[in-house]
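Asks: To start, I am sharing the structure in question, which I have written as structure tokens.
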Amino acid sequence: MESKDPWIRTLRGAVPPRARVLFFPHAGGAASFYAPFARRFPEGYDVTAVQYPGRQERFGEPFVTTVEGLADRLVPSLRRWAAEPVPLVLVGHSMGASVAFESVLRLGRDRLTAHCRLVVSGRTAPSAPRELPAFDSDQEILDHLAGLGGTDPAIVRSPELMDLFLPVMRNDYRAVTRYRPVPDVVVDTPVLCLTGDRDPQVAPEEAAAWKSHTTAGFRLETLPGDHFFLTGHPETVVRLVAECADAGGR
């Protein structure tokens with residue numbers, strides 16, 4: 001895949017790759033969030049991240065307003081990788097986990113998941129949905145983010161940054177609240193589920209329920225922390241993702 005693809009930002013290249021890792025950002029997030037993780041992978045891992053429209057170098061492009069729409073738009077960029085005999089690990093956190101899951105479902109319909117693995121982080125299983133409030137105001141969105149530990153204080157203090165940040169958050173929160181996955185849908189790829197032991201958004205049983213959504217191997221790992229637990233454990237997250245790539249679990 002060529003780096004000029006606007007949907008994919010290269011964080012660490014490898015030629016030829018031992019495995020490919022593709023990160024999917026959370027609501028309001030961007031590809032650059034995963035740069036600190038990319039630096040920690042061993043040699044041979046090609047690490048990239050999805051760049052959703054409307055942020056960073058894609059600022060000014062129209063938002064995609066649904067989780068399913070993001071997967072529909074992204075999958076054409078993934079088919080070439082998925083067809084190669086190289087492990088392809090799709091790693092999504094929070095909203096990104098849903099986009100990654102929907103992407104794997106679409107690749108499965110194309111019979112392109114033989115070398116795929118799925119890592120879901122900070123997200124309840126489709127069979128254990130949790131209703132979210134409508135977030136009718138920007139302040140409600142910011143209050144919710146503050147409770148998750150997901151707002152950079154520098155953004156809140158800067159009116160200019162807030163003007164850029166809030167439209168992204170409005171769009172992504174709307175996409176998350178409208179997302180309705182099929183409760184009994186399954187993928188044929190191994191699934192690794194990562195969750196924080198103090199995540200107010202994901203109860204232990206809601207994370208464990210991901211096991212029922214794969215016909216291949218399943219592994220659950222609980223790490224210390226809240227909803228953004230992964231930022232406190234980048235080495236552990238990278239190790240677990242690399243193990244998922246190497247093991248396969250089929």
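Following the order of the structure tokens, first chain is A, next is B, and so on, with residues numbered from 1 inside each chain and ligands from 1 in the order they appear.
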Output as CSV one row per residue of region 27-133 of chain A within 10 Å of region 204-213 of chain A: the closest atom pair and its distance in Å to one decimal place, counting only C-alpha atoms, sorted by chain and residue number ascending.

Replies:
residue,atom,partner,partner_atom,distance
A:Phe101,CA,A:His213,CA,9.8
A:Val120,CA,A:Trp210,CA,8.7
A:Ser121,CA,A:Ala207,CA,8.7
A:Gly122,CA,A:Ala207,CA,8.0
A:Arg123,CA,A:Ala207,CA,6.9
A:Thr124,CA,A:Glu206,CA,5.0
A:Ala125,CA,A:Trp210,CA,4.9
A:Pro126,CA,A:Trp210,CA,7.5
A:Ser127,CA,A:Ala209,CA,6.9
A:Ala128,CA,A:Glu206,CA,5.6
A:Pro129,CA,A:Glu206,CA,8.1
A:Arg130,CA,A:Glu206,CA,8.9

Asks: Where does DSSP see strand (DSSP E or B) in region 74-243 of chain A, if you list the residues as a PyMOL selection string?

Replies: chain A and resi 88-93+116-121+187+191-196+214+218-223

Asks: Just C-alpha atoms for this one: save the residues we selected as a compact mmCIF listing (two decimals), in the first residue's frame.

Replies:
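Resulting contents of out.txt:
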# COMPACT_ATOMS: atom_id res chain seq x y z
CA LEU A 88 -2.25 -8.18 9.66
CA VAL A 89 -3.24 -7.05 13.15
CA LEU A 90 -6.08 -4.54 13.39
CA VAL A 91 -5.90 -2.77 16.77
CA GLY A 92 -8.70 -0.45 17.85
CA HIS A 93 -9.30 1.46 21.06
CA CYS A 116 -5.83 -11.23 10.09
CA ARG A 117 -5.96 -10.78 13.85
CA LEU A 118 -8.17 -8.37 15.81
CA VAL A 119 -7.26 -6.50 18.99
CA VAL A 120 -10.12 -4.65 20.71
CA SER A 121 -9.37 -2.28 23.58
CA VAL A 187 -15.48 -12.96 12.97
CA VAL A 191 -9.34 -11.80 19.04
CA LEU A 192 -7.28 -10.23 21.82
CA CYS A 193 -9.30 -8.04 24.18
CA LEU A 194 -7.53 -5.44 26.33
CA THR A 195 -9.34 -3.71 29.16
CA GLY A 196 -8.57 -1.48 32.12
CA THR A 214 -14.92 -15.11 17.27
CA PHE A 218 -9.57 -15.57 22.19
CA ARG A 219 -7.44 -13.93 24.88
CA LEU A 220 -8.43 -11.39 27.53
CA GLU A 221 -5.84 -9.20 29.24
CA THR A 222 -6.72 -6.77 32.04
CA LEU A 223 -4.28 -3.94 32.73

Asks: Measure the distance from CA of Ala245 (chain A) to CA of Thr231 (chain A) in Å and round it to one decimal.

Replies: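 Atom-to-atom, CA of Ala245 (chain A) and CA of Thr231 (chain A) are spaced 20.5 Å apart.
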
Asks: Among region 10-123 of chain A, which residues carry a DSSP assignment of helix (DSSP H, G or I), reported as a compact mmCIF listing (two decimals) with N, CA, C and O atoms, in the first residue's frame?

Replies:
# COMPACT_ATOMS: atom_id res chain seq x y z
N ALA A 31 -4.23 9.62 14.09
CA ALA A 31 -3.18 8.63 13.90
C ALA A 31 -1.97 8.88 14.78
O ALA A 31 -1.32 7.95 15.26
N SER A 32 -1.65 10.15 15.03
CA SER A 32 -0.44 10.49 15.79
C SER A 32 -0.49 9.98 17.23
O SER A 32 0.56 9.85 17.87
N PHE A 33 -1.68 9.67 17.74
CA PHE A 33 -1.80 9.15 19.10
C PHE A 33 -0.95 7.89 19.28
O PHE A 33 -0.45 7.61 20.39
N TYR A 34 -0.77 7.13 18.21
CA TYR A 34 -0.10 5.84 18.31
C TYR A 34 1.40 5.89 17.99
O TYR A 34 2.07 4.85 18.02
N ALA A 35 1.93 7.08 17.73
CA ALA A 35 3.36 7.18 17.44
C ALA A 35 4.23 6.64 18.58
O ALA A 35 5.21 5.93 18.32
N PRO A 36 3.92 6.92 19.86
CA PRO A 36 4.75 6.37 20.93
C PRO A 36 4.72 4.84 21.00
O PRO A 36 5.71 4.22 21.44
N PHE A 37 3.64 4.23 20.57
CA PHE A 37 3.56 2.77 20.55
C PHE A 37 4.40 2.21 19.41
O PHE A 37 5.10 1.21 19.56
N ALA A 38 4.33 2.86 18.25
CA ALA A 38 5.04 2.37 17.07
C ALA A 38 6.54 2.26 17.34
O ALA A 38 7.20 1.31 16.88
N GLN A 56 -6.14 16.62 11.63
CA GLN A 56 -4.73 16.74 11.23
C GLN A 56 -4.62 17.02 9.73
O GLN A 56 -5.23 17.94 9.23
N GLU A 57 -3.84 16.22 8.98
CA GLU A 57 -3.64 16.54 7.57
C GLU A 57 -4.91 16.38 6.74
O GLU A 57 -4.95 16.81 5.58
N ARG A 58 -5.95 15.78 7.32
CA ARG A 58 -7.23 15.64 6.61
C ARG A 58 -8.26 16.66 7.09
O ARG A 58 -9.45 16.52 6.82
N VAL A 67 -19.97 4.68 12.32
CA VAL A 67 -18.93 3.66 12.46
C VAL A 67 -18.89 2.76 11.22
O VAL A 67 -17.83 2.46 10.67
N GLU A 68 -20.06 2.33 10.78
CA GLU A 68 -20.12 1.46 9.61
C GLU A 68 -19.59 2.18 8.36
O GLU A 68 -18.93 1.56 7.52
N GLY A 69 -19.89 3.47 8.25
CA GLY A 69 -19.40 4.23 7.11
C GLY A 69 -17.88 4.33 7.09
O GLY A 69 -17.26 4.26 6.03
N LEU A 70 -17.28 4.48 8.28
CA LEU A 70 -15.82 4.50 8.35
C LEU A 70 -15.23 3.19 7.86
O LEU A 70 -14.27 3.17 7.09
N ALA A 71 -15.82 2.07 8.29
CA ALA A 71 -15.32 0.77 7.83
C ALA A 71 -15.52 0.60 6.33
O ALA A 71 -14.62 0.11 5.63
N ASP A 72 -16.66 1.02 5.81
CA ASP A 72 -16.91 0.91 4.38
C ASP A 72 -15.88 1.68 3.56
O ASP A 72 -15.40 1.20 2.52
N ARG A 73 -15.53 2.87 4.04
CA ARG A 73 -14.59 3.71 3.31
C ARG A 73 -13.15 3.21 3.44
O ARG A 73 -12.32 3.43 2.57
N LEU A 74 -12.86 2.56 4.56
CA LEU A 74 -11.49 2.14 4.85
C LEU A 74 -11.10 0.81 4.21
O LEU A 74 -9.96 0.62 3.78
N VAL A 75 -12.05 -0.12 4.14
CA VAL A 75 -11.72 -1.48 3.71
C VAL A 75 -11.04 -1.55 2.34
O VAL A 75 -10.13 -2.37 2.16
N PRO A 76 -11.42 -0.74 1.35
CA PRO A 76 -10.68 -0.81 0.09
C PRO A 76 -9.18 -0.59 0.25
O PRO A 76 -8.39 -1.12 -0.53
N SER A 77 -8.78 0.19 1.27
CA SER A 77 -7.36 0.41 1.52
C SER A 77 -6.69 -0.79 2.18
O SER A 77 -5.46 -0.88 2.21
N LEU A 78 -7.48 -1.71 2.73
CA LEU A 78 -6.93 -2.84 3.48
C LEU A 78 -6.86 -4.14 2.68
O LEU A 78 -6.14 -5.06 3.08
N ARG A 79 -7.58 -4.21 1.58
CA ARG A 79 -7.70 -5.49 0.88
C ARG A 79 -6.35 -6.02 0.40
O ARG A 79 -6.09 -7.22 0.48
N ARG A 80 -5.48 -5.13 -0.08
CA ARG A 80 -4.19 -5.58 -0.58
C ARG A 80 -3.37 -6.22 0.54
O ARG A 80 -2.77 -7.28 0.37
N TRP A 81 -3.31 -5.55 1.68
CA TRP A 81 -2.59 -6.12 2.82
C TRP A 81 -3.19 -7.44 3.26
O TRP A 81 -2.48 -8.40 3.55
N ALA A 82 -4.52 -7.48 3.36
CA ALA A 82 -5.18 -8.68 3.85
C ALA A 82 -4.94 -9.88 2.94
O ALA A 82 -4.97 -11.03 3.40
N ALA A 83 -4.71 -9.63 1.67
CA ALA A 83 -4.49 -10.72 0.72
C ALA A 83 -3.07 -11.28 0.79
O ALA A 83 -2.80 -12.35 0.25
N MET A 95 -13.93 3.72 20.30
CA MET A 95 -14.61 3.75 19.01
C MET A 95 -13.80 3.01 17.96
O MET A 95 -14.37 2.34 17.08
N GLY A 96 -12.49 3.12 18.02
CA GLY A 96 -11.64 2.45 17.05
C GLY A 96 -11.80 0.95 17.07
O GLY A 96 -11.64 0.29 16.03
N ALA A 97 -12.13 0.37 18.24
CA ALA A 97 -12.37 -1.07 18.30
C ALA A 97 -13.58 -1.46 17.46
O ALA A 97 -13.58 -2.50 16.79
N SER A 98 -14.61 -0.62 17.50
CA SER A 98 -15.80 -0.90 16.69
C SER A 98 -15.50 -0.77 15.20
O SER A 98 -15.96 -1.59 14.39
N VAL A 99 -14.72 0.25 14.83
CA VAL A 99 -14.37 0.41 13.41
C VAL A 99 -13.51 -0.76 12.95
O VAL A 99 -13.69 -1.30 11.84
N ALA A 100 -12.57 -1.19 13.78
CA ALA A 100 -11.73 -2.34 13.43
C ALA A 100 -12.57 -3.61 13.30
O ALA A 100 -12.37 -4.40 12.37
N PHE A 101 -13.49 -3.82 14.22
CA PHE A 101 -14.37 -4.99 14.17
C PHE A 101 -15.20 -4.99 12.89
O PHE A 101 -15.28 -6.02 12.19
N GLU A 102 -15.80 -3.86 12.56
CA GLU A 102 -16.60 -3.77 11.35
C GLU A 102 -15.73 -3.97 10.10
O GLU A 102 -16.18 -4.56 9.10
N SER A 103 -14.49 -3.54 10.15
CA SER A 103 -13.57 -3.73 9.02
C SER A 103 -13.26 -5.21 8.83
O SER A 103 -13.23 -5.70 7.69
N VAL A 104 -13.02 -5.92 9.92
CA VAL A 104 -12.76 -7.36 9.83
C VAL A 104 -13.99 -8.09 9.29
O VAL A 104 -13.86 -9.03 8.49
N LEU A 105 -15.16 -7.69 9.72
CA LEU A 105 -16.38 -8.31 9.18
C LEU A 105 -16.45 -8.15 7.67
O LEU A 105 -16.78 -9.10 6.94
N ARG A 106 -16.11 -6.99 7.17
CA ARG A 106 -16.15 -6.74 5.73
C ARG A 106 -15.07 -7.52 5.00
O ARG A 106 -15.31 -8.06 3.91
N LEU A 107 -13.88 -7.60 5.57
CA LEU A 107 -12.83 -8.40 4.96
C LEU A 107 -13.22 -9.88 4.95
O LEU A 107 -12.89 -10.61 4.01
N GLY A 108 -13.93 -10.31 5.97
CA GLY A 108 -14.40 -11.69 6.01
C GLY A 108 -15.37 -12.01 4.89
O GLY A 108 -15.35 -13.11 4.32
N ARG A 109 -16.21 -11.06 4.55
CA ARG A 109 -17.14 -11.27 3.44
C ARG A 109 -16.40 -11.43 2.12
O ARG A 109 -16.89 -12.08 1.19

Asks: Quick one: everything within 10 Å of Arg39 (chain A), counting only C-alpha atoms, minus sequence neighbours fewer than 3 positions away in the same chain. Send it as an NGL selection string.

Replies: :A and (11-12 or 34-36 or 42-43 or 47 or 234-235 or 238)

Asks: Take the residues just selected and output them with all heavy atoms as a short mmCIF file (atom, residue, chain, number, x, y, z; two decimals), in the first residue's frame.

Replies:
data_model
loop_
_atom_site.label_atom_id
_atom_site.label_comp_id
_atom_site.auth_asym_id
_atom_site.auth_seq_id
_atom_site.Cartn_x
_atom_site.Cartn_y
_atom_site.Cartn_z
N LEU A 11 3.75 4.88 10.53
CA LEU A 11 4.42 5.27 11.76
C LEU A 11 5.80 4.63 11.89
O LEU A 11 6.70 5.20 12.48
CB LEU A 11 3.56 4.90 12.98
CG LEU A 11 2.17 5.53 13.04
CD1 LEU A 11 1.42 5.03 14.26
CD2 LEU A 11 2.25 7.04 13.04
N ARG A 12 5.92 3.42 11.32
CA ARG A 12 7.21 2.73 11.32
C ARG A 12 7.19 1.71 10.20
O ARG A 12 6.37 0.79 10.19
CB ARG A 12 7.45 2.04 12.66
CG ARG A 12 8.73 1.20 12.69
CD ARG A 12 9.00 0.63 14.05
NE ARG A 12 10.23 -0.13 14.04
CZ ARG A 12 10.87 -0.52 15.13
NH1 ARG A 12 10.41 -0.18 16.32
NH2 ARG A 12 11.98 -1.22 15.05
N TYR A 34 -0.77 7.13 18.21
CA TYR A 34 -0.10 5.84 18.31
C TYR A 34 1.40 5.89 17.99
O TYR A 34 2.07 4.85 18.02
CB TYR A 34 -0.79 4.82 17.42
CG TYR A 34 -2.14 4.43 17.94
CD1 TYR A 34 -3.31 4.89 17.32
CD2 TYR A 34 -2.26 3.64 19.06
CE1 TYR A 34 -4.56 4.55 17.82
CE2 TYR A 34 -3.51 3.29 19.57
CZ TYR A 34 -4.65 3.75 18.95
OH TYR A 34 -5.88 3.42 19.45
N ALA A 35 1.93 7.08 17.73
CA ALA A 35 3.36 7.18 17.44
C ALA A 35 4.23 6.64 18.58
O ALA A 35 5.21 5.93 18.32
CB ALA A 35 3.73 8.62 17.11
N PRO A 36 3.92 6.92 19.86
CA PRO A 36 4.75 6.37 20.93
C PRO A 36 4.72 4.84 21.00
O PRO A 36 5.71 4.22 21.44
CB PRO A 36 4.15 6.98 22.20
CG PRO A 36 3.43 8.20 21.73
CD PRO A 36 2.90 7.84 20.38
N PRO A 42 9.35 -4.33 17.90
CA PRO A 42 10.63 -4.89 17.45
C PRO A 42 10.85 -4.63 15.97
O PRO A 42 9.93 -4.26 15.23
CB PRO A 42 10.48 -6.39 17.74
CG PRO A 42 9.32 -6.52 18.66
CD PRO A 42 8.42 -5.36 18.38
N GLU A 43 12.07 -4.85 15.53
CA GLU A 43 12.38 -4.74 14.11
C GLU A 43 11.52 -5.70 13.31
O GLU A 43 11.20 -6.81 13.75
CB GLU A 43 13.86 -5.05 13.87
CG GLU A 43 14.82 -4.01 14.44
CD GLU A 43 14.67 -2.66 13.78
OE1 GLU A 43 14.39 -2.62 12.56
OE2 GLU A 43 14.82 -1.64 14.49
N VAL A 47 4.24 -0.64 11.10
CA VAL A 47 3.21 -0.08 11.99
C VAL A 47 2.61 1.17 11.34
O VAL A 47 3.33 2.11 10.97
CB VAL A 47 3.79 0.26 13.37
CG1 VAL A 47 2.67 0.73 14.31
CG2 VAL A 47 4.52 -0.94 13.97
N PRO A 234 2.51 1.37 27.51
CA PRO A 234 2.78 1.16 26.08
C PRO A 234 3.63 -0.08 25.80
O PRO A 234 3.40 -0.77 24.81
CB PRO A 234 3.51 2.45 25.67
CG PRO A 234 4.06 3.01 26.94
CD PRO A 234 3.07 2.64 28.00
N GLU A 235 4.60 -0.36 26.66
CA GLU A 235 5.44 -1.54 26.43
C GLU A 235 4.62 -2.82 26.50
O GLU A 235 4.79 -3.73 25.68
CB GLU A 235 6.59 -1.60 27.44
CG GLU A 235 7.61 -0.50 27.28
CD GLU A 235 7.23 0.77 28.04
OE1 GLU A 235 6.14 0.79 28.67
OE2 GLU A 235 8.01 1.73 28.01
N VAL A 238 2.30 -3.12 23.41
CA VAL A 238 3.06 -3.52 22.23
C VAL A 238 3.44 -4.99 22.31
O VAL A 238 3.34 -5.73 21.32
CB VAL A 238 4.31 -2.64 22.08
CG1 VAL A 238 5.29 -3.23 21.07
CG2 VAL A 238 3.91 -1.23 21.66
#

Asks: State, in Å with one decimal place, the distance from CA of Pro85 (chain A) to CA of His115 (chain A).

Replies: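 It comes out at 6.4 Å.
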
Asks: Excluding same-chain residues fewer than 2 positions from Phe228 (chain A), what lies within 8 Å of it counting only C-alpha atoms, as a ChimeraX atom specification?

Replies: /A:122,148-150,196,199,225-226,230-232

Asks: In Å to one decimal, how far is CA of Gly217 (chain A) from CA of His26 (chain A)?

Replies: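 Atom-to-atom, CA of His26 (chain A) and CA of Gly217 (chain A) are spaced 24.6 Å apart.
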
Asks: Applying 12 Å and only C-alpha atoms, which residues near Phe59 (chain A) remain after dropping the ones on its own chain fewer than 6 positions away? List them as a count of residues only.

Replies: 9

Asks: Counting only C-alpha atoms, which residue out of A:Ala146, A:Leu132, A:Val237, A:Leu22 sits closest to Pro87 (chain A)?

Replies: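 For Pro87 (chain A), the nearest of the given residues is A:Leu22.
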